[in-house]
>>> print(open('input-v6.cif').read())   # mmCIF, C-alpha atoms and all ligand atoms
data_entry
loop_
_atom_site.label_atom_id
_atom_site.label_comp_id
_atom_site.auth_asym_id
_atom_site.auth_seq_id
_atom_site.Cartn_x
_atom_site.Cartn_y
_atom_site.Cartn_z
CA MET S 6 16.68 -8.18 -7.07
CA ALA S 7 14.88 -9.22 -10.21
CA ARG S 8 12.17 -7.07 -11.66
CA VAL S 9 9.44 -7.35 -14.24
CA PRO S 10 7.04 -4.73 -15.63
CA HIS S 11 4.61 -3.42 -13.06
CA PRO S 12 1.72 -1.34 -14.27
CA ARG S 13 0.31 -0.10 -11.00
CA GLY S 14 -3.35 0.72 -10.50
CA ASP S 15 -6.18 0.92 -12.94
CA GLY S 16 -8.22 3.62 -11.40
CA GLY S 17 -7.74 6.85 -9.63
CA GLU S 18 -4.69 8.03 -11.53
CA ASP S 19 -6.66 10.74 -13.20
CA ALA S 20 -8.86 11.40 -10.23
CA GLU S 21 -6.82 14.34 -8.99
CA ASP S 22 -3.67 16.21 -9.77
CA ASP S 23 -1.10 13.47 -9.62
CA VAL S 24 0.83 15.23 -6.88
CA PHE S 25 -1.64 13.78 -4.44
CA ASP S 26 -2.57 10.51 -5.96
CA PRO S 27 -1.07 7.92 -3.63
CA GLU S 28 -1.41 5.29 -6.32
CA GLN S 29 0.66 7.24 -8.79
CA LEU S 30 4.02 8.15 -7.43
CA PRO S 31 6.45 7.64 -10.27
CA GLU S 32 9.59 8.17 -8.28
CA ASP S 33 8.53 5.52 -5.85
CA GLN S 34 7.54 2.81 -8.24
CA MET S 35 9.67 -0.02 -9.41
CA ALA S 36 12.60 2.16 -10.40
CA GLY S 37 12.61 3.49 -6.87
CA LEU S 38 13.21 0.04 -5.49
CA ALA S 39 16.74 0.22 -6.76
CA GLN S 40 19.46 1.55 -4.55
CA SER S 41 18.99 5.15 -5.55
CA GLY S 42 16.60 8.06 -5.03
CA VAL S 43 13.63 7.17 -2.90
CA GLY S 44 14.75 3.57 -3.02
CA MET S 45 17.24 4.64 -0.40
CA LEU S 46 14.31 5.59 1.82
CA ARG S 47 12.93 2.08 1.69
CA PRO S 48 13.71 0.09 4.81
CA GLN S 49 15.76 -3.01 4.15
CA ARG S 50 15.52 -4.76 7.54
CA PHE S 51 12.94 -5.04 10.31
CA ASP S 52 15.02 -2.73 12.48
CA GLU S 53 14.45 0.04 9.93
CA TYR S 54 10.78 -0.75 9.38
CA ILE S 55 8.81 1.85 11.38
CA GLY S 56 5.47 0.99 13.02
CA GLN S 57 3.32 -2.14 12.41
CA ARG S 58 5.03 -3.53 15.51
CA ASP S 59 2.73 -6.49 16.08
CA LEU S 60 3.12 -7.58 12.49
CA VAL S 61 6.88 -7.23 12.59
CA GLU S 62 7.00 -9.27 15.80
CA LYS S 63 4.98 -12.06 14.21
CA PHE S 64 7.12 -12.10 11.09
CA ARG S 65 10.30 -12.29 13.12
CA VAL S 66 8.96 -15.48 14.70
CA PHE S 67 7.67 -17.00 11.45
CA ILE S 68 10.99 -16.29 9.74
CA GLU S 69 13.08 -17.62 12.59
CA ALA S 70 11.00 -20.81 12.67
CA ALA S 71 11.23 -21.31 8.91
CA LYS S 72 14.99 -20.77 9.01
CA GLN S 73 15.39 -23.26 11.86
CA ARG S 74 13.52 -25.85 9.78
CA ASN S 75 15.49 -24.95 6.63
CA GLU S 76 12.22 -24.33 4.87
CA ALA S 77 10.75 -21.59 2.73
CA LEU S 78 8.39 -19.29 4.62
CA ASP S 79 4.72 -20.16 4.09
CA HIS S 80 2.86 -18.12 1.48
CA VAL S 81 1.83 -14.72 2.76
CA LEU S 82 -1.07 -12.45 1.89
CA LEU S 83 -0.66 -8.81 2.93
CA HIS S 84 -3.63 -6.52 2.70
CA GLY S 85 -4.18 -2.84 3.40
CA PRO S 86 -4.57 0.51 1.64
CA PRO S 87 -1.98 1.59 -0.96
CA GLY S 88 1.28 3.09 0.29
CA LEU S 89 1.23 1.40 3.70
CA GLY S 90 4.37 -0.66 3.20
CA LYS S 91 3.27 -4.02 1.76
CA THR S 92 5.96 -4.08 -0.92
CA THR S 93 8.50 -2.88 1.60
CA MET S 94 7.48 -5.57 4.07
CA ALA S 95 7.80 -8.25 1.38
CA GLN S 96 11.28 -7.10 0.53
CA VAL S 97 12.30 -6.95 4.18
CA VAL S 98 10.97 -10.49 4.67
CA ALA S 99 13.16 -11.70 1.79
CA ASN S 100 16.18 -9.86 3.21
CA GLU S 101 15.60 -11.30 6.67
CA MET S 102 15.20 -14.78 5.18
CA GLY S 103 18.41 -14.17 3.25
CA VAL S 104 16.80 -15.16 -0.05
CA PRO S 105 16.38 -13.50 -3.48
CA PHE S 106 13.40 -11.23 -4.05
CA GLN S 107 11.47 -11.21 -7.29
CA ILE S 108 8.72 -8.66 -7.86
CA THR S 109 5.81 -8.45 -10.27
CA SER S 110 2.12 -7.54 -10.22
CA GLY S 111 -1.14 -9.26 -11.09
CA PRO S 112 -1.81 -7.40 -14.36
CA ALA S 113 1.83 -7.80 -15.48
CA VAL S 114 1.58 -11.61 -15.48
CA GLU S 115 -0.33 -11.78 -18.72
CA HIS S 116 -0.39 -15.50 -19.44
CA LYS S 117 0.57 -18.91 -18.08
CA GLY S 118 3.86 -18.91 -19.98
CA HIS S 119 4.89 -15.78 -18.17
CA LEU S 120 4.12 -17.33 -14.80
CA ILE S 121 5.95 -20.54 -15.75
CA GLY S 122 8.99 -18.43 -16.60
CA LEU S 123 8.82 -16.70 -13.22
CA LEU S 124 8.31 -19.88 -11.21
CA THR S 125 10.96 -21.94 -12.95
CA GLY S 126 13.46 -19.09 -12.65
CA LEU S 127 13.17 -18.94 -8.86
CA LYS S 128 16.05 -19.93 -6.62
CA GLU S 129 15.32 -22.17 -3.65
CA ARG S 130 13.21 -20.39 -0.98
CA SER S 131 13.03 -17.16 -2.99
CA VAL S 132 10.28 -14.68 -2.31
CA LEU S 133 8.04 -14.03 -5.30
CA PHE S 134 6.07 -10.86 -4.62
CA ILE S 135 2.89 -10.29 -6.62
CA ASP S 136 1.41 -6.85 -6.04
CA GLU S 137 -2.30 -6.45 -6.81
CA VAL S 138 -2.58 -10.22 -6.68
CA HIS S 139 -6.37 -9.94 -7.04
CA ARG S 140 -5.80 -8.75 -10.61
CA LEU S 141 -4.27 -12.00 -11.90
CA SER S 142 -6.31 -13.38 -14.78
CA PRO S 143 -8.42 -16.43 -13.84
CA THR S 144 -6.30 -18.81 -15.95
CA VAL S 145 -3.05 -17.58 -14.47
CA GLU S 146 -4.57 -17.71 -11.00
CA GLU S 147 -5.72 -21.31 -11.42
CA PHE S 148 -2.31 -22.26 -12.68
CA LEU S 149 -0.81 -20.86 -9.52
CA TYR S 150 -2.84 -23.13 -7.24
CA SER S 151 -0.78 -26.30 -7.68
CA ALA S 152 2.45 -24.30 -7.51
CA MET S 153 1.40 -22.89 -4.16
CA GLU S 154 -0.09 -26.07 -2.77
CA ASP S 155 2.08 -28.90 -4.09
CA GLY S 156 5.14 -27.12 -5.45
CA GLU S 157 4.27 -28.49 -8.90
CA ILE S 158 3.17 -27.00 -12.18
CA ASP S 159 1.65 -28.50 -15.31
CA MET S 160 4.03 -27.72 -18.14
CA PRO S 161 2.42 -27.84 -21.58
CA LEU S 162 4.21 -30.03 -24.14
CA GLY S 163 3.56 -28.89 -27.69
CA GLU S 164 0.95 -26.47 -28.95
CA GLY S 165 -2.80 -26.33 -29.49
CA THR S 166 -5.75 -28.03 -27.85
CA SER S 167 -4.27 -31.53 -28.11
CA ALA S 168 -1.11 -30.48 -26.26
CA GLN S 169 -0.12 -32.80 -23.43
CA THR S 170 1.05 -31.58 -20.08
CA VAL S 171 3.69 -32.91 -17.77
CA ARG S 172 3.89 -32.31 -14.03
CA PHE S 173 7.02 -30.45 -13.12
CA GLN S 174 8.47 -29.94 -9.67
CA ILE S 175 9.52 -26.38 -8.81
CA VAL S 176 11.78 -25.28 -5.98
CA PRO S 177 10.20 -24.41 -2.64
CA PHE S 178 9.38 -20.71 -2.66
CA THR S 179 7.32 -18.12 -0.81
CA LEU S 180 4.61 -16.25 -2.63
CA ILE S 181 3.83 -12.92 -1.01
CA GLY S 182 0.66 -11.46 -2.48
CA ALA S 183 -0.47 -7.92 -1.80
CA THR S 184 -3.97 -6.56 -2.16
CA THR S 185 -5.90 -3.62 -0.86
CA ARG S 186 -8.77 -5.78 0.43
CA THR S 187 -8.94 -9.56 0.91
CA GLY S 188 -12.54 -9.50 -0.32
CA LEU S 189 -11.18 -8.83 -3.81
CA LEU S 190 -9.53 -12.28 -3.91
CA SER S 191 -11.25 -15.45 -4.99
CA ALA S 192 -11.77 -17.89 -2.12
CA PRO S 193 -9.52 -20.64 -3.61
CA LEU S 194 -6.60 -18.22 -3.93
CA ARG S 195 -7.16 -16.73 -0.49
CA ASP S 196 -7.23 -20.20 1.06
CA ARG S 197 -3.79 -21.03 -0.30
CA PHE S 198 -2.09 -18.33 1.73
CA HIS S 199 -1.26 -19.64 5.18
CA ILE S 200 -0.20 -16.31 6.62
CA VAL S 201 -2.79 -13.58 6.10
CA GLU S 202 -2.02 -10.23 7.67
CA SER S 203 -3.32 -6.70 7.38
CA LEU S 204 -1.38 -3.45 7.58
CA SER S 205 -3.14 -0.63 9.37
CA LEU S 206 -2.84 3.14 9.04
CA TYR S 207 0.19 4.50 10.90
CA GLU S 208 0.24 6.50 14.10
CA ASP S 209 1.28 10.15 13.75
CA GLU S 210 4.45 9.57 15.76
CA ASP S 211 5.56 6.74 13.48
CA LEU S 212 4.93 8.88 10.44
CA ALA S 213 6.92 11.66 12.07
CA THR S 214 9.86 9.27 12.37
CA ILE S 215 9.50 8.30 8.71
CA VAL S 216 9.39 12.00 7.78
CA GLU S 217 12.41 12.79 9.91
CA ASN S 218 14.44 9.98 8.35
CA ALA S 219 13.36 10.91 4.84
CA ALA S 220 14.17 14.59 5.38
CA VAL S 221 17.68 13.78 6.56
CA ARG S 222 18.31 11.61 3.53
CA LEU S 223 16.89 14.29 1.26
CA GLY S 224 19.40 16.73 2.71
CA LEU S 225 17.06 19.17 4.48
CA PRO S 226 16.41 18.08 8.06
CA CYS S 227 13.09 18.52 9.86
CA THR S 228 12.93 19.43 13.53
CA GLY S 229 10.98 16.92 15.65
CA PRO S 230 7.90 19.18 15.78
CA GLY S 231 8.26 19.93 12.06
CA ALA S 232 8.26 16.21 11.29
CA LEU S 233 5.23 15.68 13.50
CA GLU S 234 3.38 18.44 11.69
CA ILE S 235 3.95 16.68 8.35
CA GLY S 236 3.43 13.22 9.85
CA ARG S 237 0.08 13.99 11.40
CA ARG S 238 -1.14 15.44 8.10
CA SER S 239 -0.03 12.40 6.08
CA ARG S 240 -3.27 10.40 6.10
CA GLY S 241 -1.71 7.59 8.12
CA THR S 242 0.30 6.55 5.05
CA PRO S 243 4.11 6.41 4.71
CA ARG S 244 4.08 6.89 0.95
CA TRP S 245 2.06 10.04 1.43
CA ALA S 246 4.38 11.24 4.18
CA ILE S 247 7.44 10.78 1.98
CA ARG S 248 5.74 12.52 -0.90
CA LEU S 249 4.81 15.47 1.29
CA VAL S 250 8.27 15.81 2.75
CA ARG S 251 9.74 15.93 -0.75
CA ARG S 252 7.42 18.73 -1.78
CA VAL S 253 7.83 20.60 1.49
CA ARG S 254 11.56 20.38 0.96
CA ASP S 255 11.13 22.14 -2.39
CA PHE S 256 9.38 25.06 -0.75
CA ALA S 257 11.86 25.18 2.12
CA GLN S 258 14.81 25.09 -0.24
CA VAL S 259 13.48 27.91 -2.39
CA GLU S 260 12.83 30.02 0.74
CA GLY S 261 16.42 29.34 1.78
CA LEU S 262 15.52 27.52 5.01
CA ASP S 263 18.14 25.22 6.49
CA ARG S 264 15.61 23.03 8.34
CA ILE S 265 11.89 22.48 8.43
CA GLU S 266 10.03 23.87 11.45
CA PRO S 267 6.32 23.24 12.11
CA GLU S 268 5.19 26.73 11.14
CA ALA S 269 6.87 26.54 7.74
CA ALA S 270 5.75 22.94 7.24
CA GLY S 271 2.14 23.92 7.93
CA ARG S 272 2.34 26.86 5.56
CA PHE S 273 3.78 24.74 2.74
CA LEU S 274 1.25 21.98 3.29
CA VAL S 275 -1.60 24.46 2.88
CA LYS S 276 -0.04 25.59 -0.40
CA LEU S 277 0.04 21.94 -1.41
CA GLY S 278 -3.69 21.64 -0.73
CA VAL S 279 -3.32 19.64 2.48
CA ASP S 280 -5.43 21.15 5.22
CA GLU S 281 -4.99 21.25 8.98
CA GLU S 282 -6.42 17.73 9.37
CA GLY S 283 -4.46 16.28 6.47
CA LEU S 284 -7.44 16.26 4.10
CA THR S 285 -6.87 16.97 0.41
CA SER S 286 -9.32 18.67 -1.91
CA LEU S 287 -10.64 15.26 -2.97
CA ASP S 288 -11.37 14.25 0.60
CA ARG S 289 -13.20 17.52 1.09
CA ASP S 290 -15.10 17.04 -2.19
CA LEU S 291 -16.26 13.66 -0.96
CA LEU S 292 -17.50 15.02 2.34
CA THR S 293 -19.11 18.01 0.66
CA ALA S 294 -20.91 15.73 -1.79
CA ILE S 295 -22.35 13.70 1.08
CA TYR S 296 -23.92 16.90 2.42
CA GLU S 297 -24.90 18.61 -0.77
CA HIS S 298 -26.19 15.68 -2.77
CA PHE S 299 -27.23 13.22 -0.07
CA ALA S 300 -28.26 15.38 2.89
CA GLY S 301 -25.39 14.10 5.03
CA GLY S 302 -26.05 10.43 4.16
CA PRO S 303 -26.46 7.56 4.35
CA VAL S 304 -25.25 7.13 0.81
CA GLY S 305 -24.05 4.03 -1.03
CA VAL S 306 -20.49 4.07 -2.34
CA ASP S 307 -21.61 3.72 -5.97
CA ALA S 308 -23.86 6.76 -5.77
CA LEU S 309 -21.09 8.71 -4.07
CA ALA S 310 -18.56 7.63 -6.70
CA ALA S 311 -20.88 8.75 -9.49
CA SER S 312 -21.55 12.07 -7.85
CA VAL S 313 -17.89 13.05 -7.34
CA GLY S 314 -16.43 11.25 -10.36
CA ILE S 315 -13.95 9.21 -8.33
CA PRO S 316 -13.73 5.45 -9.03
CA ARG S 317 -15.41 3.36 -6.36
CA ASP S 318 -12.20 1.44 -5.64
CA THR S 319 -10.28 4.65 -5.05
CA ILE S 320 -12.92 5.82 -2.59
CA GLU S 321 -12.84 2.49 -0.75
CA ASP S 322 -9.08 1.94 -0.80
CA VAL S 323 -7.64 5.42 -0.54
CA HIS S 324 -10.12 7.88 0.96
CA GLU S 325 -12.43 5.93 3.23
CA PRO S 326 -9.88 4.26 5.51
CA PHE S 327 -8.50 7.64 6.49
CA LEU S 328 -11.85 9.43 6.74
CA LEU S 329 -13.21 6.60 8.88
CA ARG S 330 -10.16 6.48 11.08
CA ARG S 331 -10.32 10.22 11.74
CA GLY S 332 -14.05 10.11 12.41
CA PHE S 333 -15.18 12.18 9.42
CA ILE S 334 -17.52 9.47 8.16
CA LEU S 335 -19.27 6.44 9.56
CA ARG S 336 -20.05 3.28 7.69
CA THR S 337 -23.56 2.05 8.45
CA SER S 338 -25.58 -0.80 6.96
CA ARG S 339 -27.41 1.79 4.86
CA GLY S 340 -24.26 3.51 3.56
CA ARG S 341 -21.79 6.23 4.44
CA VAL S 342 -22.77 9.02 6.79
CA ALA S 343 -20.86 12.26 7.34
CA THR S 344 -20.27 13.03 11.02
CA GLU S 345 -20.58 16.16 13.08
CA ARG S 346 -16.80 16.39 13.05
CA ALA S 347 -16.89 16.56 9.25
CA ALA S 348 -19.58 19.23 9.34
CA ARG S 349 -17.52 21.31 11.75
CA HIS S 350 -14.40 20.84 9.65
CA LEU S 351 -16.19 22.03 6.53
CA GLY S 352 -17.84 24.88 8.41
CA ARG S 353 -21.35 23.52 7.95
CA PRO S 354 -24.30 23.43 10.34
CA THR S 355 -24.14 20.38 12.58
CA SER S 356 -27.86 20.15 13.33
CA ASP S 357 -28.81 17.37 10.91
CA VAL S 358 -25.83 15.01 11.00
CA GLU S 359 -24.91 12.06 13.18
CA SER S 360 -22.64 12.86 16.08
P1 LIG S 401 2.51 -0.55 -0.64
O1 LIG S 401 3.23 -1.69 -1.26
O2 LIG S 401 1.67 -0.95 0.54
O3 LIG S 401 1.72 0.27 -1.64
P2 LIG S 401 5.19 0.48 -0.24
O4 LIG S 401 5.84 -0.67 0.41
O5 LIG S 401 5.47 0.71 -1.70
O6 LIG S 401 3.61 0.44 -0.02
O7 LIG S 401 5.61 1.77 0.62
C1 LIG S 401 5.44 3.09 0.13
C2 LIG S 401 6.58 3.99 0.58
O8 LIG S 401 6.54 4.15 1.98
C3 LIG S 401 7.97 3.45 0.26
O9 LIG S 401 8.78 4.55 -0.17
C4 LIG S 401 8.50 2.92 1.54
O10 LIG S 401 9.87 3.10 1.63
C5 LIG S 401 7.77 3.75 2.58
N1 LIG S 401 7.44 2.93 3.74
C6 LIG S 401 6.43 2.05 3.79
N2 LIG S 401 6.37 1.47 4.98
C7 LIG S 401 7.37 1.99 5.72
C8 LIG S 401 7.80 1.77 7.05
N3 LIG S 401 7.17 0.91 7.85
N4 LIG S 401 8.88 2.46 7.48
C9 LIG S 401 9.47 3.34 6.66
N5 LIG S 401 9.10 3.60 5.40
C10 LIG S 401 8.05 2.93 4.92
#
>>> encode(input="input-v6.cif", output="structure tokens")
Amino acid sequence: MARVPHPRGDGGEDAEDDVFDPEQLPEDQMAGLAQSGVGMLRPQRFDEYIGQRDLVEKFRVFIEAAKQRNEALDHVLLHGPPGLGKTTMAQVVANEMGVPFQITSGPAVEHKGHLIGLLTGLKERSVLFIDEVHRLSPTVEEFLYSAMEDGEIDMPLGEGTSAQTVRFQIVPFTLIGATTRTGLLSAPLRDRFHIVESLSLYEDEDLATIVENAAVRLGLPCTGPGALEIGRRSRGTPRWAIRLVRRVRDFAQVEGLDRIEPEAAGRFLVKLGVDEEGLTSLDRDLLTAIYEHFAGGPVGVDALAASVGIPRDTIEDVHEPFLLRRGFILRTSRGRVATERAARHLGRPTSDVES
């Protein structure tokens, strides 16, 4: 697998202690994609890819059809919160297609020359994965259009403003772009992806399976109930689940445990700042701010971001999906509203909030 620099994320890294920043997990970044460490936890084939069953089913068909036609798979846009398995899915797609996988990210492709290098270096039907594809610069993005649509690029001949260009045919390839929200993409780029799919937060049972597998590979097994305890407190996110199981393992190891039971898992998670519902201190800060500064809401995301000092994107991409899914907040046309469930969880009066 080829690899190019991948600065991940521009916001949120400093928002909380990095132990719980799902956008900043050094051991699981590009180095982790190699066949070592957490890279070993990354599924390689659909059979190992837990959850997202409908999506997997669809991709199996798309891939089979493309292989029958001896064609590259159509360009794919994957969207969903960070840590849900977009990169993993892209790599599995390449493996299932039996083609090389090349990975980069929007901010890493700094200029047209860089993109030309990537595109002309591709083998036939390769998958080129661009994480944070919404962060490509406008000139690079425009340059990509003809590559995606016609399989051609305009190669500059010579330097300066008078430089000529020549149309150059590139090999058929599949671009897989990942983004947290499709709304972040320009319409012309979005339109050039023919397969657009979203990844949703995982069910607790699927996360429990991911935890169980990870724990075995990390050398300290979890019992089924122990894995479920960690899984259900993992904010619907595999990356989070894997991160938690690694830290829980540390505690378990130091206590001399030979496996992780639910009671111990729960105790360690509390020490790690993850409460009974899987909320971290930042989630709780957000909910508390809605009550204390905005009387329970509705509040606009910008005002909320300013009041808690968390970047708007981090609130929208990382915190909200989980808080919405678990019914701690509602999104209304007038803004975010904390629910009765949130009030109860924080031990606040429930009289003046939406139920
Ligand atoms: P994203 O690209 O959406 O930010 P990644 O693909 O990097 O997420 O996944 C984050 C971590 O979660 C990786 O360590 C990966 O191995 C694990 N993971 C993601 N999806 C799954 C899955 N469906 N089954 C098992 N592990 C997964």
>>> residues_near_point(input="input-v6.cif", point="(-21.9, 15.4, 7.0)", cutoff="12 Å", atoms="all atoms listed in the file", output="PyMOL selection string")
chain S and resi 289-304+328+332-335+341-360
>>> closest_residue(input="input-v6.cif", among="S:Leu133, S:Gly340, S:Val253, S:Thr125", to="S:Glu157", atoms="only C-alpha atoms")
S:Thr125
>>> closest_residue(input="input-v6.cif", among="S:Cys227, S:Asp136, S:Gln169, S:Ile247", to="S:Arg47", atoms="only C-alpha atoms")
S:Ile247
>>> closest_atom_pairs(input="input-v6.cif", of="chain S", to="ligand LIG 401 (chain S)", cutoff="6 Å", atoms="all atoms listed in the file", output="Markdown table")
| residue | atom | partner | partner_atom | distance |
| --- | --- | --- | --- | --- |
| S:Asp33 | CA | S:LIG401 | O9 | 5.8 |
| S:Leu46 | CA | S:LIG401 | O10 | 5.1 |
| S:Arg47 | CA | S:LIG401 | O10 | 3.2 |
| S:Pro48 | CA | S:LIG401 | C9 | 5.7 |
| S:Tyr54 | CA | S:LIG401 | N4 | 4.2 |
| S:Ile55 | CA | S:LIG401 | N4 | 3.9 |
| S:Gly56 | CA | S:LIG401 | N3 | 5.4 |
| S:Pro87 | CA | S:LIG401 | O3 | 4.0 |
| S:Gly88 | CA | S:LIG401 | O3 | 3.4 |
| S:Leu89 | CA | S:LIG401 | O2 | 4.0 |
| S:Gly90 | CA | S:LIG401 | O4 | 3.2 |
| S:Lys91 | CA | S:LIG401 | O2 | 3.7 |
| S:Thr92 | CA | S:LIG401 | O1 | 3.6 |
| S:Thr93 | CA | S:LIG401 | O4 | 3.7 |
| S:Ile215 | CA | S:LIG401 | C9 | 5.4 |
| S:Pro243 | CA | S:LIG401 | O8 | 4.3 |
| S:Arg244 | CA | S:LIG401 | O8 | 3.8 |
>>> residues_around(input="input-v6.cif", residues="stretch 260-262 of chain S", least_positions_apart="6", cutoff="10 Å", atoms="all atoms listed in the file", output="JSON, numbers by chain")
{"S": [225, 226, 254, 269]}
>>> atom_distance(input="input-v6.cif", atom1="atom CA of S:Leu212", atom2="atom CA of S:Leu78")
29.0 Å
>>> residues_around(input="input-v6.cif", residues="S:Gln49", least_positions_apart="4", cutoff="7 Å", atoms="all atoms listed in the file", output="PyMOL selection string")
chain S and resi 53+97+100
>>> residues_around(input="input-v6.cif", residues="S:Gly236", least_positions_apart="5", cutoff="10 Å", atoms="all atoms listed in the file", output="short mmCIF file (atom, residue, chain, number, x, y, z; two decimals) with C-alpha atoms, keeping the file's coordinate frame")
data_model
loop_
_atom_site.label_atom_id
_atom_site.label_comp_id
_atom_site.auth_asym_id
_atom_site.auth_seq_id
_atom_site.Cartn_x
_atom_site.Cartn_y
_atom_site.Cartn_z
CA TYR S 207 0.19 4.50 10.90
CA GLU S 208 0.24 6.50 14.10
CA ASP S 209 1.28 10.15 13.75
CA GLU S 210 4.45 9.57 15.76
CA ASP S 211 5.56 6.74 13.48
CA LEU S 212 4.93 8.88 10.44
CA ALA S 213 6.92 11.66 12.07
CA THR S 214 9.86 9.27 12.37
CA ILE S 215 9.50 8.30 8.71
CA VAL S 216 9.39 12.00 7.78
CA GLU S 217 12.41 12.79 9.91
CA PRO S 230 7.90 19.18 15.78
CA GLY S 231 8.26 19.93 12.06
CA GLY S 241 -1.71 7.59 8.12
CA THR S 242 0.30 6.55 5.05
CA PRO S 243 4.11 6.41 4.71
CA TRP S 245 2.06 10.04 1.43
CA ALA S 246 4.38 11.24 4.18
CA ILE S 247 7.44 10.78 1.98
CA LEU S 249 4.81 15.47 1.29
CA VAL S 250 8.27 15.81 2.75
CA GLY S 283 -4.46 16.28 6.47
#
>>> axis_aligned_box(input="input-v6.cif", around="stretch 335-338 of chain S", padding_each_side="3 Å", output="AutoDock Vina command-line options")
--center_x -22.4 --center_y 2.8 --center_z 8.3 --size_x 12.3 --size_y 13.2 --size_z 8.6
>>> closest_residue(input="input-v6.cif", among="S:Glu62, S:Asp255, S:Glu321, S:Asp196", to="S:Lys276", atoms="all atoms listed in the file")
S:Asp255
>>> residues_around(input="input-v6.cif", residues="S:Ala99", least_positions_apart="2", cutoff="10 Å", atoms="all atoms listed in the file", output="PyMOL selection string")
chain S and resi 49-50+68+78+93-97+101-107+130-134+179+181
>>> atom_distance(input="input-v6.cif", atom1="atom CA of S:Pro86", atom2="atom CA of S:Leu277")
22.1 Å
>>> atom_distance(input="input-v6.cif", atom1="atom CA of S:Asn218", atom2="atom CA of S:Val275")
22.3 Å
>>> closest_residue(input="input-v6.cif", among="S:Ile235, S:Val114, S:Ala220, S:Leu287", to="S:Arg140", atoms="only C-alpha atoms")
S:Val114
>>> residues_around(input="input-v6.cif", residues="stretch 144-148 of chain S", least_positions_apart="3", cutoff="8 Å", atoms="all atoms listed in the file", output="PDB file with C-alpha atoms, in the frame of the given file")
ATOM      1  CA  VAL S 114       1.580 -11.610 -15.480  1.00  0.00           C
ATOM      2  CA  GLU S 115      -0.330 -11.780 -18.720  1.00  0.00           C
ATOM      3  CA  HIS S 116      -0.390 -15.500 -19.440  1.00  0.00           C
ATOM      4  CA  LYS S 117       0.570 -18.910 -18.080  1.00  0.00           C
ATOM      5  CA  LEU S 120       4.120 -17.330 -14.800  1.00  0.00           C
ATOM      6  CA  LEU S 141      -4.270 -12.000 -11.900  1.00  0.00           C
ATOM      7  CA  SER S 151      -0.780 -26.300  -7.680  1.00  0.00           C
ATOM      8  CA  ALA S 152       2.450 -24.300  -7.510  1.00  0.00           C
ATOM      9  CA  ILE S 158       3.170 -27.000 -12.180  1.00  0.00           C
ATOM     10  CA  ASP S 159       1.650 -28.500 -15.310  1.00  0.00           C
ATOM     11  CA  LEU S 194      -6.600 -18.220  -3.930  1.00  0.00           C
TER      12      LEU S 194
END
>>> closest_residue(input="input-v6.cif", among="S:Val259, S:Ile200, S:Leu83, S:Leu162", to="S:Phe67", atoms="all atoms listed in the file")
S:Ile200
